[in-house]
$ cat my_file_17.txt   # compact mmCIF, C-alpha atoms and all ligand atoms
# COMPACT_ATOMS: atom_id res chain seq x y z
CA MET A 1164 113.73 88.16 106.02
CA TYR A 1165 113.54 89.80 109.45
CA PHE A 1166 109.91 88.74 109.70
CA LEU A 1167 110.64 85.23 108.52
CA VAL A 1168 113.45 84.73 111.06
CA LEU A 1169 111.37 86.24 113.85
CA ALA A 1170 108.33 84.13 113.00
CA ALA A 1171 110.50 80.99 112.78
CA ILE A 1172 111.93 81.65 116.27
CA ILE A 1173 108.47 82.21 117.74
CA PHE A 1174 107.18 79.08 116.02
CA LEU A 1175 110.05 76.99 117.40
CA VAL A 1176 109.58 78.31 120.96
CA VAL A 1177 105.81 77.67 120.91
CA ALA A 1178 106.12 74.26 119.21
CA THR A 1179 108.81 73.19 121.72
CA MET A 1180 106.69 74.25 124.69
CA VAL A 1181 103.58 72.51 123.33
CA GLY A 1182 105.58 69.36 122.56
CA TYR A 1183 107.20 69.38 126.02
CA SER A 1184 103.83 69.86 127.75
CA ILE A 1185 102.22 67.02 125.78
CA VAL A 1186 104.92 64.60 126.89
CA ARG A 1187 105.61 65.89 130.37
CA TYR A 1188 101.99 66.35 131.47
CA ARG A 1189 100.31 63.53 129.58
CA ALA A 1190 97.53 61.64 131.40
CA ARG A 1191 98.70 58.62 133.33
CA GLN A 1192 96.74 55.77 134.84
CA GLY A 1193 95.21 56.72 138.21
CA ASP A 1194 95.70 60.51 137.73
CA ALA A 1195 93.28 62.74 139.59
CA ASP A 1196 92.24 66.07 138.04
CA PRO A 1197 94.96 68.63 138.77
CA ARG A 1198 94.27 71.51 141.07
CA PRO A 1199 93.30 74.62 139.05
CA SER A 1200 95.55 77.60 139.46
CA PHE A 1201 94.39 81.20 139.08
CA GLY A 1202 96.67 83.98 137.95
CA HIS A 1203 100.41 84.37 137.95
CA ARG A 1204 101.42 87.99 137.84
CA ARG A 1205 105.00 87.54 136.62
CA ILE A 1206 104.02 85.23 133.72
CA GLU A 1207 101.11 87.44 132.70
CA ILE A 1208 103.30 90.56 132.58
CA THR A 1209 105.90 88.64 130.55
CA TRP A 1210 103.47 87.38 127.94
CA THR A 1211 102.02 90.83 127.55
CA VAL A 1212 105.26 92.79 127.36
CA VAL A 1213 107.26 90.45 125.09
CA PRO A 1214 104.67 90.32 122.25
CA LEU A 1215 104.12 94.07 122.60
CA VAL A 1216 107.83 94.71 122.02
CA ILE A 1217 107.86 92.29 119.07
CA VAL A 1218 104.82 93.89 117.42
CA LEU A 1219 106.22 97.40 117.94
CA GLY A 1220 109.47 96.25 116.29
CA ILE A 1221 107.52 94.87 113.32
CA PHE A 1222 105.59 98.14 113.11
CA VAL A 1223 108.80 100.16 112.81
CA PHE A 1224 110.22 97.84 110.11
CA THR A 1225 106.92 97.99 108.23
CA LEU A 1226 106.88 101.79 108.25
CA ARG A 1227 110.46 101.91 106.96
CA THR A 1228 109.71 99.42 104.18
CA MET A 1229 106.56 101.27 103.17
CA ALA A 1230 108.48 104.53 102.89
CA ASN A 1231 111.13 102.79 100.76
CA VAL A 1232 108.86 101.04 98.30
CA ASP A 1233 106.33 103.81 97.96
CA ALA A 1234 108.08 107.16 97.96
CA PRO A 1235 105.84 110.20 98.44
CA LEU A 1236 104.54 111.79 95.26
CA GLU A 1237 106.01 115.10 94.23
CA PRO A 1238 103.26 117.70 94.20
CA ASP A 1239 102.55 119.27 90.81
CA ARG A 1240 104.78 116.84 88.97
CA PRO A 1241 102.98 115.74 85.80
CA PRO A 1242 102.91 111.97 85.23
CA ASP A 1243 105.51 110.45 82.90
CA LEU A 1244 103.04 107.87 81.75
CA THR A 1245 99.29 107.28 81.98
CA ILE A 1246 98.09 103.70 82.15
CA THR A 1247 94.42 102.93 81.53
CA GLY A 1248 92.83 99.57 82.25
CA HIS A 1249 90.30 98.37 79.69
CA GLN A 1250 88.35 95.13 79.44
CA TRP A 1251 90.80 93.43 78.76
CA TRP A 1252 93.97 95.22 77.82
CA TRP A 1253 96.20 97.97 79.15
CA GLU A 1254 96.71 101.25 77.38
CA ALA A 1255 99.86 103.33 77.92
CA ARG A 1256 99.89 106.99 76.94
CA TYR A 1257 103.06 109.10 77.02
CA PRO A 1258 103.27 112.91 77.28
CA ASN A 1259 104.57 113.20 73.69
CA GLY A 1260 101.38 111.57 72.38
CA ALA A 1261 102.75 108.06 71.92
CA THR A 1262 100.07 105.53 72.77
CA THR A 1263 100.48 101.82 72.93
CA ALA A 1264 98.78 98.74 74.29
CA ARG A 1265 99.99 95.84 76.34
CA GLU A 1266 103.70 96.53 75.83
CA ILE A 1267 104.85 99.35 78.08
CA HIS A 1268 108.32 100.71 77.53
CA ILE A 1269 110.26 102.54 80.21
CA PRO A 1270 113.84 103.79 80.48
CA ALA A 1271 115.94 101.59 82.79
CA GLY A 1272 117.38 103.23 85.90
CA ARG A 1273 114.96 106.16 85.97
CA ARG A 1274 111.90 106.51 88.16
CA LEU A 1275 108.64 107.22 86.33
CA LEU A 1276 105.54 108.67 87.88
CA VAL A 1277 102.64 106.64 86.52
CA ARG A 1278 99.01 107.68 86.60
CA ILE A 1279 96.59 104.76 86.74
CA GLU A 1280 93.05 105.03 85.40
CA SER A 1281 90.26 102.76 84.23
CA ALA A 1282 87.97 103.03 81.23
CA ASP A 1283 85.30 100.66 82.51
CA VAL A 1284 85.52 98.49 85.65
CA ILE A 1285 88.03 98.13 88.47
CA HIS A 1286 91.34 96.64 87.36
CA ASP A 1287 94.60 96.41 89.25
CA PHE A 1288 97.94 97.28 87.71
CA TRP A 1289 100.67 95.01 88.97
CA VAL A 1290 104.27 94.41 87.92
CA PRO A 1291 105.53 92.35 90.87
CA GLN A 1292 109.24 92.96 90.22
CA LEU A 1293 108.96 96.72 89.80
CA ALA A 1294 106.28 98.25 92.00
CA ARG A 1295 103.40 97.67 94.34
CA LYS A 1296 99.88 97.09 93.10
CA MET A 1297 97.62 99.98 92.21
CA ASP A 1298 93.90 99.70 91.60
CA ALA A 1299 92.52 101.28 88.43
CA VAL A 1300 89.17 102.63 89.57
CA PRO A 1301 86.71 104.23 87.13
CA GLY A 1302 86.40 107.96 87.79
CA ARG A 1303 89.46 108.09 90.01
CA THR A 1304 93.18 108.38 89.46
CA GLY A 1305 95.94 106.55 91.30
CA TYR A 1306 99.65 107.21 91.17
CA ILE A 1307 102.64 104.94 91.61
CA TRP A 1308 106.35 105.07 90.92
CA LEU A 1309 107.67 102.60 88.39
CA ARG A 1310 111.35 101.90 88.18
CA ALA A 1311 113.49 99.13 86.73
CA ASP A 1312 117.15 99.23 87.74
CA ASN A 1313 118.18 96.90 84.92
CA PRO A 1314 117.10 96.61 81.30
CA GLY A 1315 114.83 93.65 80.70
CA THR A 1316 111.27 92.52 80.22
CA TYR A 1317 109.10 92.39 83.31
CA GLN A 1318 105.79 90.54 83.37
CA GLY A 1319 102.67 92.31 84.57
CA ALA A 1320 99.14 91.19 85.27
CA CYS A 1321 95.77 92.54 86.21
CA SER A 1322 95.28 91.69 89.86
CA GLU A 1323 91.61 92.46 90.40
CA PHE A 1324 88.88 90.25 88.93
CA CYS A 1325 87.40 92.34 86.13
CA GLY A 1326 85.34 89.97 84.02
CA MET A 1327 85.65 87.11 81.65
CA GLN A 1328 89.18 87.74 80.38
CA HIS A 1329 90.69 89.00 83.63
CA ALA A 1330 93.31 86.24 83.49
CA GLY A 1331 94.16 87.21 79.90
CA MET A 1332 94.95 90.78 80.89
CA ARG A 1333 98.71 90.25 80.89
CA PHE A 1334 101.28 92.80 79.80
CA GLU A 1335 105.01 93.39 79.62
CA VAL A 1336 107.09 96.26 80.87
CA VAL A 1337 110.14 96.58 78.64
CA ALA A 1338 112.92 98.49 80.38
CA GLU A 1339 115.60 99.62 77.99
CA PRO A 1340 118.65 101.91 77.97
CA GLU A 1341 117.77 105.61 77.77
CA ALA A 1342 118.82 105.97 74.10
CA ASP A 1343 116.72 102.99 72.99
CA PHE A 1344 113.76 104.28 74.96
CA SER A 1345 114.02 107.75 73.39
CA ALA A 1346 114.14 106.21 69.91
CA TRP A 1347 111.17 103.97 70.72
CA ILE A 1348 108.98 106.73 72.15
CA ALA A 1349 109.79 109.09 69.23
CA ARG A 1350 108.83 106.40 66.72
CA GLN A 1351 105.61 105.58 68.58
CA ALA A 1352 104.56 109.22 68.47
CA GLU A 1353 104.66 109.22 64.67
CA THR A 1354 102.23 107.67 62.24
CA PRO A 1355 103.78 105.15 59.80
CA ALA A 1356 103.75 106.11 56.10
CA PRO A 1357 100.30 106.04 54.46
CA ASP A 1358 99.33 102.75 52.85
CA PRO A 1359 96.43 101.96 50.47
CA GLY A 1360 95.33 99.19 52.88
CA GLU A 1361 94.01 101.86 55.22
CA ARG A 1362 90.94 102.33 53.00
CA LEU A 1363 89.82 98.74 53.59
CA PHE A 1364 90.61 99.07 57.28
CA ARG A 1365 88.18 101.99 57.47
CA GLU A 1366 85.55 100.41 55.19
CA ARG A 1367 85.44 97.28 57.33
CA LYS A 1368 84.79 99.47 60.40
CA CYS A 1369 88.02 98.40 62.10
CA ALA A 1370 88.71 102.10 62.66
CA ASP A 1371 85.59 102.48 64.79
CA CYS A 1372 87.31 100.64 67.62
CA HIS A 1373 91.01 101.02 66.82
CA ALA A 1374 93.15 104.12 66.36
CA ILE A 1375 95.48 103.90 63.40
CA SER A 1376 97.10 107.32 63.61
CA ALA A 1377 99.37 108.63 66.36
CA SER A 1378 97.59 111.99 66.42
CA ASP A 1379 94.24 110.30 67.07
CA ALA A 1380 93.53 110.62 70.78
CA THR A 1381 89.81 109.73 70.72
CA PRO A 1382 89.06 107.18 73.44
CA ARG A 1383 88.22 103.87 71.79
CA ILE A 1384 87.11 100.47 72.92
CA GLY A 1385 89.96 98.56 71.28
CA PRO A 1386 93.73 98.96 71.53
CA PRO A 1387 95.52 101.40 69.18
CA LEU A 1388 96.99 99.66 66.14
CA THR A 1389 99.17 102.53 64.90
CA HIS A 1390 102.29 100.46 65.61
CA ILE A 1391 100.75 97.02 66.01
CA ALA A 1392 103.54 95.31 64.03
CA SER A 1393 106.16 96.53 66.49
CA ARG A 1394 104.53 94.70 69.39
CA LYS A 1395 105.50 91.22 70.49
CA TYR A 1396 102.05 89.96 71.39
CA LEU A 1397 98.46 90.19 70.27
CA GLY A 1398 95.45 89.68 72.54
CA GLY A 1399 95.43 86.50 74.57
CA ASN A 1400 99.24 86.40 74.78
CA LEU A 1401 99.30 85.30 71.16
CA PRO A 1402 102.74 85.88 69.59
CA ASN A 1403 102.44 88.61 66.97
CA THR A 1404 102.98 86.76 63.69
CA PRO A 1405 101.15 87.38 60.39
CA GLY A 1406 99.42 83.99 60.76
CA ASN A 1407 98.23 84.73 64.29
CA LEU A 1408 97.13 88.21 63.24
CA THR A 1409 94.95 86.69 60.52
CA SER A 1410 93.45 84.22 63.03
CA TRP A 1411 92.82 87.04 65.44
CA ILE A 1412 90.96 89.15 62.84
CA THR A 1413 88.63 86.26 61.93
CA SER A 1414 88.06 84.59 65.28
CA PRO A 1415 89.06 86.66 68.29
CA GLN A 1416 86.27 85.01 70.24
CA SER A 1417 87.82 81.54 70.06
CA ILE A 1418 91.21 82.94 71.07
CA LEU A 1419 90.00 85.18 73.90
CA PRO A 1420 86.36 84.21 74.61
CA GLY A 1421 84.19 87.09 75.76
CA ASN A 1422 86.47 89.88 74.56
CA ARG A 1423 84.96 92.97 72.96
CA MET A 1424 85.96 92.19 69.38
CA PRO A 1425 83.38 90.21 67.39
CA ASP A 1426 84.36 87.41 65.03
CA SER A 1427 84.23 88.71 61.48
CA ARG A 1428 83.49 87.06 58.18
CA VAL A 1429 85.93 88.88 55.97
CA PRO A 1430 86.50 87.38 52.51
CA ALA A 1431 89.91 85.72 52.16
CA ASP A 1432 91.37 88.39 49.85
CA GLU A 1433 90.35 91.21 52.18
CA LEU A 1434 91.71 89.29 55.16
CA GLN A 1435 95.03 89.02 53.41
CA GLU A 1436 94.99 92.73 52.59
CA LEU A 1437 94.13 93.70 56.19
CA THR A 1438 96.93 91.53 57.54
CA ARG A 1439 99.37 92.98 55.02
CA PHE A 1440 98.30 96.50 55.94
CA LEU A 1441 98.67 95.91 59.68
CA GLU A 1442 102.10 94.38 59.15
CA THR A 1443 103.22 97.73 57.72
CA ARG A 1444 102.22 99.47 60.96
CA ARG A 1445 105.51 99.31 62.82
CU1 LIG B 1 91.53 93.79 84.52
CU2 LIG B 1 91.40 91.93 85.98

$ encode --input "my_file_17.txt" --output "structure tokens"
Amino acid sequence: MYFLVLAAIIFLVVATMVGYSIVRYRARQGDADPRPSFGHRRIEITWTVVPLVIVLGIFVFTLRTMANVDAPLEPDRPPDLTITGHQWWWEARYPNGATTAREIHIPAGRRLLVRIESADVIHDFWVPQLARKMDAVPGRTGYIWLRADNPGTYQGACSEFCGMQHAGMRFEVVAEPEADFSAWIARQAETPAPDPGERLFRERKCADCHAISASDATPRIGPPLTHIASRKYLGGNLPNTPGNLTSWITSPQSILPGNRMPDSRVPADELQELTRFLETRR
């Protein structure tokens, strides 16, 4: 707001002077060329000193704002959450082993130290309402603070072009009261009860790309599905309904063209069984 007001004042002063000069000194019939004038010490000092003071003022405000929005990291503090960018989804890993994709839960009113990494190319983690942007660079780690003062769902996006489905790399940060968050993270760290559908899931090679157990920390190309049924969205911002899940299993390429999951030709009965099995993963 300070900048906006300041810039508006400067704009008005300059626009007024330009407008005045256009009218006052416009060419009239019979005008000769005016006599050139060289140098005017007082004016030159003024138009050097005034902008210098303004820019120094802006510099001080900028430093203060930077310090406010990006507090220094605390040395040796382990991260509360590790976020990894993948083509084209976000993985969130918590210290207790809970791992999820796309839907990141945080406790409201508490500041989390987040480590940002990438599994493939450069992505950029960005939740405009909660924190500044942070690039996810392969082979490097970045850190930011993430904090939501109020419970709610905050939209996030990848902010660095990272390939075909860059625009589809959306995610949500769900900030919830501390008790709800504790319950959520405890549940996410457990594996749902065994189900006979898991056999088919493994036979059809789904398990090559997707984790299905909370204790499975092997890096994989696809998002973990251990608690897929508890998430609101599937890839491509598709609401997580049994019907959409079935469509996703058969034709992910028409929903999110270019993504890493191939279309599959699963017989109808197996498709139904896979969907049923995944719906038990909550
Ligand atoms: Cu990831 Cu753009």

$ closest_atom_pairs --input "my_file_17.txt" --of "chain A" --to "ligand LIG 1 (chain B)" --cutoff "12 Å" --atoms "all atoms listed in the file" --output "tab-separated table"
residue	atom	partner	partner_atom	distance
A:Thr1247	CA	B:LIG1	CU1	10.0
A:Gly1248	CA	B:LIG1	CU1	6.3
A:His1249	CA	B:LIG1	CU1	6.8
A:Gln1250	CA	B:LIG1	CU1	6.1
A:Trp1251	CA	B:LIG1	CU1	5.8
A:Trp1252	CA	B:LIG1	CU1	7.3
A:Trp1253	CA	B:LIG1	CU1	8.3
A:Glu1254	CA	B:LIG1	CU1	11.6
A:Arg1265	CA	B:LIG1	CU1	11.9
A:Glu1280	CA	B:LIG1	CU1	11.4
A:Ser1281	CA	B:LIG1	CU1	9.1
A:Ala1282	CA	B:LIG1	CU1	10.4
A:Asp1283	CA	B:LIG1	CU1	9.5
A:Val1284	CA	B:LIG1	CU1	7.7
A:Ile1285	CA	B:LIG1	CU1	6.8
A:His1286	CA	B:LIG1	CU1	4.0
A:Asp1287	CA	B:LIG1	CU1	6.2
A:Phe1288	CA	B:LIG1	CU1	8.0
A:Trp1289	CA	B:LIG1	CU2	10.2
A:Met1297	CA	B:LIG1	CU1	11.6
A:Asp1298	CA	B:LIG1	CU1	9.5
A:Ala1299	CA	B:LIG1	CU1	8.5
A:Val1300	CA	B:LIG1	CU1	10.5
A:Pro1301	CA	B:LIG1	CU1	11.8
A:Gly1319	CA	B:LIG1	CU1	11.2
A:Ala1320	CA	B:LIG1	CU2	7.8
A:Cys1321	CA	B:LIG1	CU2	4.4
A:Ser1322	CA	B:LIG1	CU2	5.5
A:Glu1323	CA	B:LIG1	CU2	4.5
A:Phe1324	CA	B:LIG1	CU2	4.2
A:Cys1325	CA	B:LIG1	CU2	4.0
A:Gly1326	CA	B:LIG1	CU2	6.7
A:Met1327	CA	B:LIG1	CU2	8.7
A:Gln1328	CA	B:LIG1	CU2	7.3
A:His1329	CA	B:LIG1	CU2	3.8
A:Ala1330	CA	B:LIG1	CU2	6.5
A:Gly1331	CA	B:LIG1	CU2	8.2
A:Met1332	CA	B:LIG1	CU1	5.8
A:Arg1333	CA	B:LIG1	CU1	8.8
A:Phe1334	CA	B:LIG1	CU1	10.9
A:Asn1422	CA	B:LIG1	CU1	11.8

$ closest_residue --input "my_file_17.txt" --among "A:Val1218, A:Leu1441, A:Ala1264, A:Asp1358" --to "A:Leu1169" --atoms "all atoms listed in the file"
A:Val1218

$ closest_residue --input "my_file_17.txt" --among "A:Asn1259, A:Thr1304, A:Ser1376, A:Gln1318" --to "A:Ala1349" --atoms "all atoms listed in the file"
A:Asn1259

$ residues_around --input "my_file_17.txt" --residues "A:His1390" --least-positions-apart "4" --cutoff "10 Å" --atoms "only C-alpha atoms" --output "PDB file with C-alpha atoms, in the frame of the given file"
ATOM      1  CA  ALA A1261     102.750 108.060  71.920  1.00  0.00           C
ATOM      2  CA  THR A1262     100.070 105.530  72.770  1.00  0.00           C
ATOM      3  CA  THR A1263     100.480 101.820  72.930  1.00  0.00           C
ATOM      4  CA  ALA A1264      98.780  98.740  74.290  1.00  0.00           C
ATOM      5  CA  ARG A1350     108.830 106.400  66.720  1.00  0.00           C
ATOM      6  CA  GLN A1351     105.610 105.580  68.580  1.00  0.00           C
ATOM      7  CA  ALA A1352     104.560 109.220  68.470  1.00  0.00           C
ATOM      8  CA  GLU A1353     104.660 109.220  64.670  1.00  0.00           C
ATOM      9  CA  THR A1354     102.230 107.670  62.240  1.00  0.00           C
ATOM     10  CA  PRO A1355     103.780 105.150  59.800  1.00  0.00           C
ATOM     11  CA  ALA A1374      93.150 104.120  66.360  1.00  0.00           C
ATOM     12  CA  ILE A1375      95.480 103.900  63.400  1.00  0.00           C
ATOM     13  CA  SER A1376      97.100 107.320  63.610  1.00  0.00           C
ATOM     14  CA  ALA A1377      99.370 108.630  66.360  1.00  0.00           C
ATOM     15  CA  ARG A1394     104.530  94.700  69.390  1.00  0.00           C
ATOM     16  CA  LEU A1441      98.670  95.910  59.680  1.00  0.00           C
ATOM     17  CA  GLU A1442     102.100  94.380  59.150  1.00  0.00           C
ATOM     18  CA  THR A1443     103.220  97.730  57.720  1.00  0.00           C
ATOM     19  CA  ARG A1444     102.220  99.470  60.960  1.00  0.00           C
ATOM     20  CA  ARG A1445     105.510  99.310  62.820  1.00  0.00           C
TER      21      ARG A1445
END

$ residues_around --input "my_file_17.txt" --residues "A:Arg1362" --least-positions-apart "4" --cutoff "10 Å" --atoms "only C-alpha atoms" --output "ChimeraX atom specification"
/A:1358,1366-1367,1370,1437,1440

$ residues_around --input "my_file_17.txt" --residues "stretch 1225-1231 of chain A" --least-positions-apart "2" --cutoff "12 Å" --atoms "all atoms listed in the file" --output "ChimeraX atom specification"
/A:1165-1166,1218-1223,1233-1236,1294-1295,1308

$ residues_around --input "my_file_17.txt" --residues "A:Asn1407" --least-positions-apart "4" --cutoff "12 Å" --atoms "only C-alpha atoms" --output "list in words"
Ala1392, Lys1395, Tyr1396, Leu1397, Gly1398, Gly1399, Asn1400, Leu1401, Pro1402, Asn1403, Trp1411, Ile1412, Thr1413, Ser1414, Pro1415, Ile1418, Thr1438 and Glu1442 of chain A

$ write_last_selection --input "my_file_17.txt" --atoms "C-alpha atoms" --output "PDB file, in the frame of the given file"
ATOM      1  CA  ALA A1392     103.540  95.310  64.030  1.00  0.00           C
ATOM      2  CA  LYS A1395     105.500  91.220  70.490  1.00  0.00           C
ATOM      3  CA  TYR A1396     102.050  89.960  71.390  1.00  0.00           C
ATOM      4  CA  LEU A1397      98.460  90.190  70.270  1.00  0.00           C
ATOM      5  CA  GLY A1398      95.450  89.680  72.540  1.00  0.00           C
ATOM      6  CA  GLY A1399      95.430  86.500  74.570  1.00  0.00           C
ATOM      7  CA  ASN A1400      99.240  86.400  74.780  1.00  0.00           C
ATOM      8  CA  LEU A1401      99.300  85.300  71.160  1.00  0.00           C
ATOM      9  CA  PRO A1402     102.740  85.880  69.590  1.00  0.00           C
ATOM     10  CA  ASN A1403     102.440  88.610  66.970  1.00  0.00           C
ATOM     11  CA  TRP A1411      92.820  87.040  65.440  1.00  0.00           C
ATOM     12  CA  ILE A1412      90.960  89.150  62.840  1.00  0.00           C
ATOM     13  CA  THR A1413      88.630  86.260  61.930  1.00  0.00           C
ATOM     14  CA  SER A1414      88.060  84.590  65.280  1.00  0.00           C
ATOM     15  CA  PRO A1415      89.060  86.660  68.290  1.00  0.00           C
ATOM     16  CA  ILE A1418      91.210  82.940  71.070  1.00  0.00           C
ATOM     17  CA  THR A1438      96.930  91.530  57.540  1.00  0.00           C
ATOM     18  CA  GLU A1442     102.100  94.380  59.150  1.00  0.00           C
TER      19      GLU A1442
END

$ atom_distance --input "my_file_17.txt" --atom1 "atom CA of A:Glu1436" --atom2 "atom CA of A:Glu1266"
25.1 Å

$ closest_residue --input "my_file_17.txt" --among "A:Val1337, A:Val1232, A:Ala1356, A:Leu1293" --to "A:Ile1269" --atoms "all atoms listed in the file"
A:Val1337

$ atom_distance --input "my_file_17.txt" --atom1 "atom CA of A:Asp1379" --atom2 "atom CA of A:Ile1267"
18.8 Å

$ atom_distance --input "my_file_17.txt" --atom1 "atom CA of A:Leu1276" --atom2 "atom CA of A:Cys1372"
28.4 Å

$ closest_residue --input "my_file_17.txt" --among "A:Arg1189, A:His1268, A:Arg1439, A:His1203" --to "A:Leu1309" --atoms "only C-alpha atoms"
A:His1268

$ residues_around --input "my_file_17.txt" --residues "A:Ala1338" --least-positions-apart "2" --cutoff "7 Å" --atoms "all atoms listed in the file" --output "list in words"
His1268, Ile1269, Pro1270, Ala1271, Ala1311, Pro1314, Gly1315, Thr1316 and Val1336 of chain A

$ closest_residue --input "my_file_17.txt" --among "A:Pro1214, A:Gln1192, A:Pro1425, A:Ala1431" --to "A:Ile1173" --atoms "all atoms listed in the file"
A:Pro1214

$ build_atoms --input "my_file_17.txt" --residues "stretch 1409-1422 of chain A" --atoms "N, CA and C atoms" --output "PDB file, in the coordinates of the input"
ATOM      1  N   THR A1409      96.071  87.098  61.362  1.00  0.00           N
ATOM      2  CA  THR A1409      94.950  86.690  60.520  1.00  0.00           C
ATOM      3  C   THR A1409      93.912  85.926  61.359  1.00  0.00           C
ATOM      4  N   SER A1410      94.376  84.967  62.178  1.00  0.00           N
ATOM      5  CA  SER A1410      93.450  84.220  63.030  1.00  0.00           C
ATOM      6  C   SER A1410      92.718  85.150  63.969  1.00  0.00           C
ATOM      7  N   TRP A1411      93.452  86.116  64.497  1.00  0.00           N
ATOM      8  CA  TRP A1411      92.820  87.040  65.440  1.00  0.00           C
ATOM      9  C   TRP A1411      91.705  87.843  64.760  1.00  0.00           C
ATOM     10  N   ILE A1412      91.969  88.334  63.528  1.00  0.00           N
ATOM     11  CA  ILE A1412      90.960  89.150  62.840  1.00  0.00           C
ATOM     12  C   ILE A1412      89.685  88.343  62.606  1.00  0.00           C
ATOM     13  N   THR A1413      89.833  87.050  62.235  1.00  0.00           N
ATOM     14  CA  THR A1413      88.630  86.260  61.930  1.00  0.00           C
ATOM     15  C   THR A1413      87.956  85.725  63.180  1.00  0.00           C
ATOM     16  N   SER A1414      88.728  85.231  64.146  1.00  0.00           N
ATOM     17  CA  SER A1414      88.060  84.590  65.280  1.00  0.00           C
ATOM     18  C   SER A1414      88.638  84.965  66.646  1.00  0.00           C
ATOM     19  N   PRO A1415      88.562  86.264  66.969  1.00  0.00           N
ATOM     20  CA  PRO A1415      89.060  86.660  68.290  1.00  0.00           C
ATOM     21  C   PRO A1415      88.311  85.963  69.427  1.00  0.00           C
ATOM     22  N   GLN A1416      87.061  85.602  69.167  1.00  0.00           N
ATOM     23  CA  GLN A1416      86.270  85.010  70.240  1.00  0.00           C
ATOM     24  C   GLN A1416      86.730  83.600  70.609  1.00  0.00           C
ATOM     25  N   SER A1417      87.339  82.859  69.648  1.00  0.00           N
ATOM     26  CA  SER A1417      87.820  81.540  70.060  1.00  0.00           C
ATOM     27  C   SER A1417      89.190  81.659  70.714  1.00  0.00           C
ATOM     28  N   ILE A1418      89.900  82.771  70.450  1.00  0.00           N
ATOM     29  CA  ILE A1418      91.210  82.940  71.070  1.00  0.00           C
ATOM     30  C   ILE A1418      91.053  83.520  72.475  1.00  0.00           C
ATOM     31  N   LEU A1419      90.193  84.509  72.610  1.00  0.00           N
ATOM     32  CA  LEU A1419      90.000  85.180  73.900  1.00  0.00           C
ATOM     33  C   LEU A1419      88.485  85.311  74.138  1.00  0.00           C
ATOM     34  N   PRO A1420      87.828  84.202  74.536  1.00  0.00           N
ATOM     35  CA  PRO A1420      86.360  84.210  74.610  1.00  0.00           C
ATOM     36  C   PRO A1420      85.845  85.362  75.475  1.00  0.00           C
ATOM     37  N   GLY A1421      84.816  86.026  74.971  1.00  0.00           N
ATOM     38  CA  GLY A1421      84.190  87.090  75.760  1.00  0.00           C
ATOM     39  C   GLY A1421      84.759  88.461  75.489  1.00  0.00           C
ATOM     40  N   ASN A1422      85.876  88.556  74.764  1.00  0.00           N
ATOM     41  CA  ASN A1422      86.470  89.880  74.560  1.00  0.00           C
ATOM     42  C   ASN A1422      85.580  90.730  73.644  1.00  0.00           C
TER      43      ASN A1422
END
